[in-house]
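Colleague: Pasting a structure here, questions to come.
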Amino acid sequence: MPKITGDLLLGSAFIVLGAGAIGVISQVERTALASRGILESKTLPTIYAGLLIGLSVLLIANALVRRLAARRPADEARDAPLPGQRLRSAVLIVGTVLLVAAYTVALAHVPFFVATSIFLILCMGFYGRRPWWRVVLLGVGGGAALHWLFVAVIQLPLR
């Protein structure tokens with residue numbers, strides 16, 4: 001039951017975050033990118049915010065289906081939360097939302113590659129990914145891959 005509640009809370013938080021992002025993005029002036037006439041500076045962020053909302057709806061739907069499923073009493077005792085598990089879940093939810101918000105703010109002030117690499121490293125470390133050398137390698141590699149995708153392939157003028 002705690003995982004279902006955590007999924008409902010996390011999904012709800014991400015829907016609010018996505019809706020807020022769409023609200024902020026909609027206020028940005030319309031500017032076409034120099035490399036592509038069809039893309040605007042707010043096209044991809046709007047797509048990402050929409051995907052965040054859509055995936056959050058799926059997470060909530062999955063949690064509700066699991067909640068409505070018939071449960072045997074023996075399963076309830078087995079699934080009882082361990083001491084500190086609720087606190088850990090709450091910390092993960094709040095921490096994830098804060099990391100995403102900080103990353104969004106950092107993108108306005110720090111180059112994309114640097115902000116994305118740091119964000120990936122912090123997320124993997126926050127969720128307990130080890131060893132650290134692999135976390136740093138994956139974070140920098142992921143930042144480089146995303147930078148290559150957006151700058152070389154899609155030709156977005158990122159700094």
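As shown in the structure tokens, the chain order sets the letters A, B, ...; within each chain, residues go from 1, and ligands are also counted from 1 in the order they appear.
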Within chain A, find each residue whose DSSP state, derived from the backbone, is helix (DSSP H, G or I), and express the selection as a PyMOL selection string.

Modeller: chain A and resi 2-26+43-68+73-78+85-106+112-126+132-153

Colleague: Write to file, as a tab-separated table (two decimals), in the first residue's frame, the residues of the selection just made, with C-alpha atoms.

Modeller:
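Dumped everything to out.tsv:
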```tsv
chain	number	residue	atom	x	y	z
A	2	PRO	CA	2.77	2.56	0.71
A	3	LYS	CA	4.22	2.14	-2.80
A	4	ILE	CA	0.80	2.82	-4.29
A	5	THR	CA	0.39	5.96	-2.16
A	6	GLY	CA	3.92	7.05	-3.08
A	7	ASP	CA	3.14	6.56	-6.78
A	8	LEU	CA	-0.04	8.61	-6.42
A	9	LEU	CA	1.82	11.43	-4.67
A	10	LEU	CA	4.75	11.38	-7.11
A	11	GLY	CA	2.43	11.30	-10.13
A	12	SER	CA	0.41	14.19	-8.74
A	13	ALA	CA	3.54	16.23	-8.01
A	14	PHE	CA	4.85	15.70	-11.55
A	15	ILE	CA	1.49	16.65	-13.08
A	16	VAL	CA	1.63	19.93	-11.14
A	17	LEU	CA	5.27	20.44	-12.19
A	18	GLY	CA	4.46	19.72	-15.86
A	19	ALA	CA	1.42	22.01	-15.85
A	20	GLY	CA	3.47	24.76	-14.22
A	21	ALA	CA	6.21	24.31	-16.82
A	22	ILE	CA	3.68	24.58	-19.64
A	23	GLY	CA	2.30	27.75	-18.02
A	24	VAL	CA	5.76	29.30	-17.84
A	25	ILE	CA	6.72	28.13	-21.33
A	26	SER	CA	3.54	29.61	-22.83
A	43	THR	CA	8.78	23.44	-28.79
A	44	LEU	CA	10.88	20.79	-27.05
A	45	PRO	CA	10.25	22.01	-23.49
A	46	THR	CA	6.51	21.92	-24.22
A	47	ILE	CA	6.82	18.37	-25.56
A	48	TYR	CA	8.79	17.31	-22.48
A	49	ALA	CA	6.28	18.87	-20.11
A	50	GLY	CA	3.46	17.13	-21.97
A	51	LEU	CA	5.30	13.81	-21.78
A	52	LEU	CA	5.88	14.35	-18.06
A	53	ILE	CA	2.15	14.89	-17.55
A	54	GLY	CA	1.24	11.90	-19.74
A	55	LEU	CA	3.64	9.54	-17.98
A	56	SER	CA	2.44	10.80	-14.60
A	57	VAL	CA	-1.15	10.04	-15.59
A	58	LEU	CA	-0.04	6.50	-16.51
A	59	LEU	CA	1.73	6.14	-13.15
A	60	ILE	CA	-1.40	7.26	-11.30
A	61	ALA	CA	-3.63	4.98	-13.38
A	62	ASN	CA	-1.37	2.03	-12.67
A	63	ALA	CA	-1.41	2.81	-8.95
A	64	LEU	CA	-5.20	3.10	-8.93
A	65	VAL	CA	-5.61	-0.21	-10.77
A	66	ARG	CA	-3.33	-1.88	-8.23
A	67	ARG	CA	-5.27	-0.27	-5.38
A	68	LEU	CA	-8.60	-1.51	-6.77
A	73	PRO	CA	-5.34	-10.27	4.11
A	74	ALA	CA	-2.07	-12.22	4.22
A	75	ASP	CA	-0.64	-9.91	1.57
A	76	GLU	CA	-1.42	-6.85	3.68
A	77	ALA	CA	0.74	-8.06	6.56
A	78	ARG	CA	3.59	-8.97	4.22
A	85	GLN	CA	10.32	3.38	4.55
A	86	ARG	CA	7.65	6.09	4.40
A	87	LEU	CA	10.18	8.75	5.32
A	88	ARG	CA	12.59	7.47	2.65
A	89	SER	CA	9.79	7.56	0.06
A	90	ALA	CA	8.85	11.10	1.04
A	91	VAL	CA	12.49	12.21	0.85
A	92	LEU	CA	12.83	10.66	-2.61
A	93	ILE	CA	9.66	12.35	-3.87
A	94	VAL	CA	10.53	15.80	-2.52
A	95	GLY	CA	14.18	15.42	-3.53
A	96	THR	CA	13.29	14.45	-7.08
A	97	VAL	CA	10.94	17.39	-7.50
A	98	LEU	CA	13.59	19.75	-6.09
A	99	LEU	CA	16.29	18.32	-8.38
A	100	VAL	CA	14.09	18.78	-11.45
A	101	ALA	CA	13.20	22.33	-10.39
A	102	ALA	CA	16.87	23.20	-9.75
A	103	TYR	CA	17.87	21.71	-13.11
A	104	THR	CA	15.20	23.79	-14.85
A	105	VAL	CA	16.47	26.98	-13.19
A	106	ALA	CA	20.12	26.04	-13.87
A	112	PHE	CA	23.31	22.72	-21.22
A	113	PHE	CA	26.07	20.10	-21.13
A	114	VAL	CA	27.24	21.13	-17.65
A	115	ALA	CA	23.74	21.41	-16.17
A	116	THR	CA	22.62	18.09	-17.65
A	117	SER	CA	25.74	16.22	-16.56
A	118	ILE	CA	25.47	17.54	-12.99
A	119	PHE	CA	21.74	16.78	-12.93
A	120	LEU	CA	22.29	13.19	-14.06
A	121	ILE	CA	25.10	12.64	-11.56
A	122	LEU	CA	23.03	14.04	-8.69
A	123	CYS	CA	19.97	11.97	-9.64
A	124	MET	CA	21.91	8.72	-9.87
A	125	GLY	CA	23.69	9.46	-6.60
A	126	PHE	CA	20.42	10.43	-4.91
A	132	TRP	CA	30.71	6.72	-7.97
A	133	TRP	CA	33.14	6.45	-10.88
A	134	ARG	CA	30.37	4.82	-12.91
A	135	VAL	CA	27.89	7.51	-11.85
A	136	VAL	CA	30.24	10.26	-13.03
A	137	LEU	CA	31.00	8.39	-16.26
A	138	LEU	CA	27.31	7.86	-17.02
A	139	GLY	CA	26.41	11.44	-16.06
A	140	VAL	CA	29.05	13.05	-18.24
A	141	GLY	CA	28.41	10.56	-21.05
A	142	GLY	CA	24.66	11.14	-20.85
A	143	GLY	CA	25.16	14.91	-20.85
A	144	ALA	CA	27.45	14.64	-23.88
A	145	ALA	CA	25.01	12.36	-25.72
A	146	LEU	CA	22.07	14.69	-25.09
A	147	HIS	CA	24.14	17.72	-26.09
A	148	TRP	CA	25.16	15.96	-29.32
A	149	LEU	CA	21.52	15.00	-29.99
A	150	PHE	CA	20.19	18.52	-29.51
A	151	VAL	CA	23.06	20.48	-31.08
A	152	ALA	CA	24.30	18.22	-33.89
A	153	VAL	CA	21.19	16.23	-34.82
```

Colleague: Mind giving me the straight-line distance from atom CA of Pro157 of chain A to atom CA of Gln27 of chain A in Å, one decimal?

Modeller: 20.0 Å

Colleague: One decimal, Å: what's the distance from atom CA of Val110 of chain A over to atom CA of Lys42 of chain A, could you say?

Modeller: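 Calculated distance between atom CA of Val110 of chain A and atom CA of Lys42 of chain A is 17.9 Å.
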
Colleague: One number please: atom CA of Glu29 of chain A to atom CA of Leu107 of chain A, in Å, one decimal.

Modeller: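 Separation between atom CA of Glu29 of chain A and atom CA of Leu107 of chain A: 17.3 Å.
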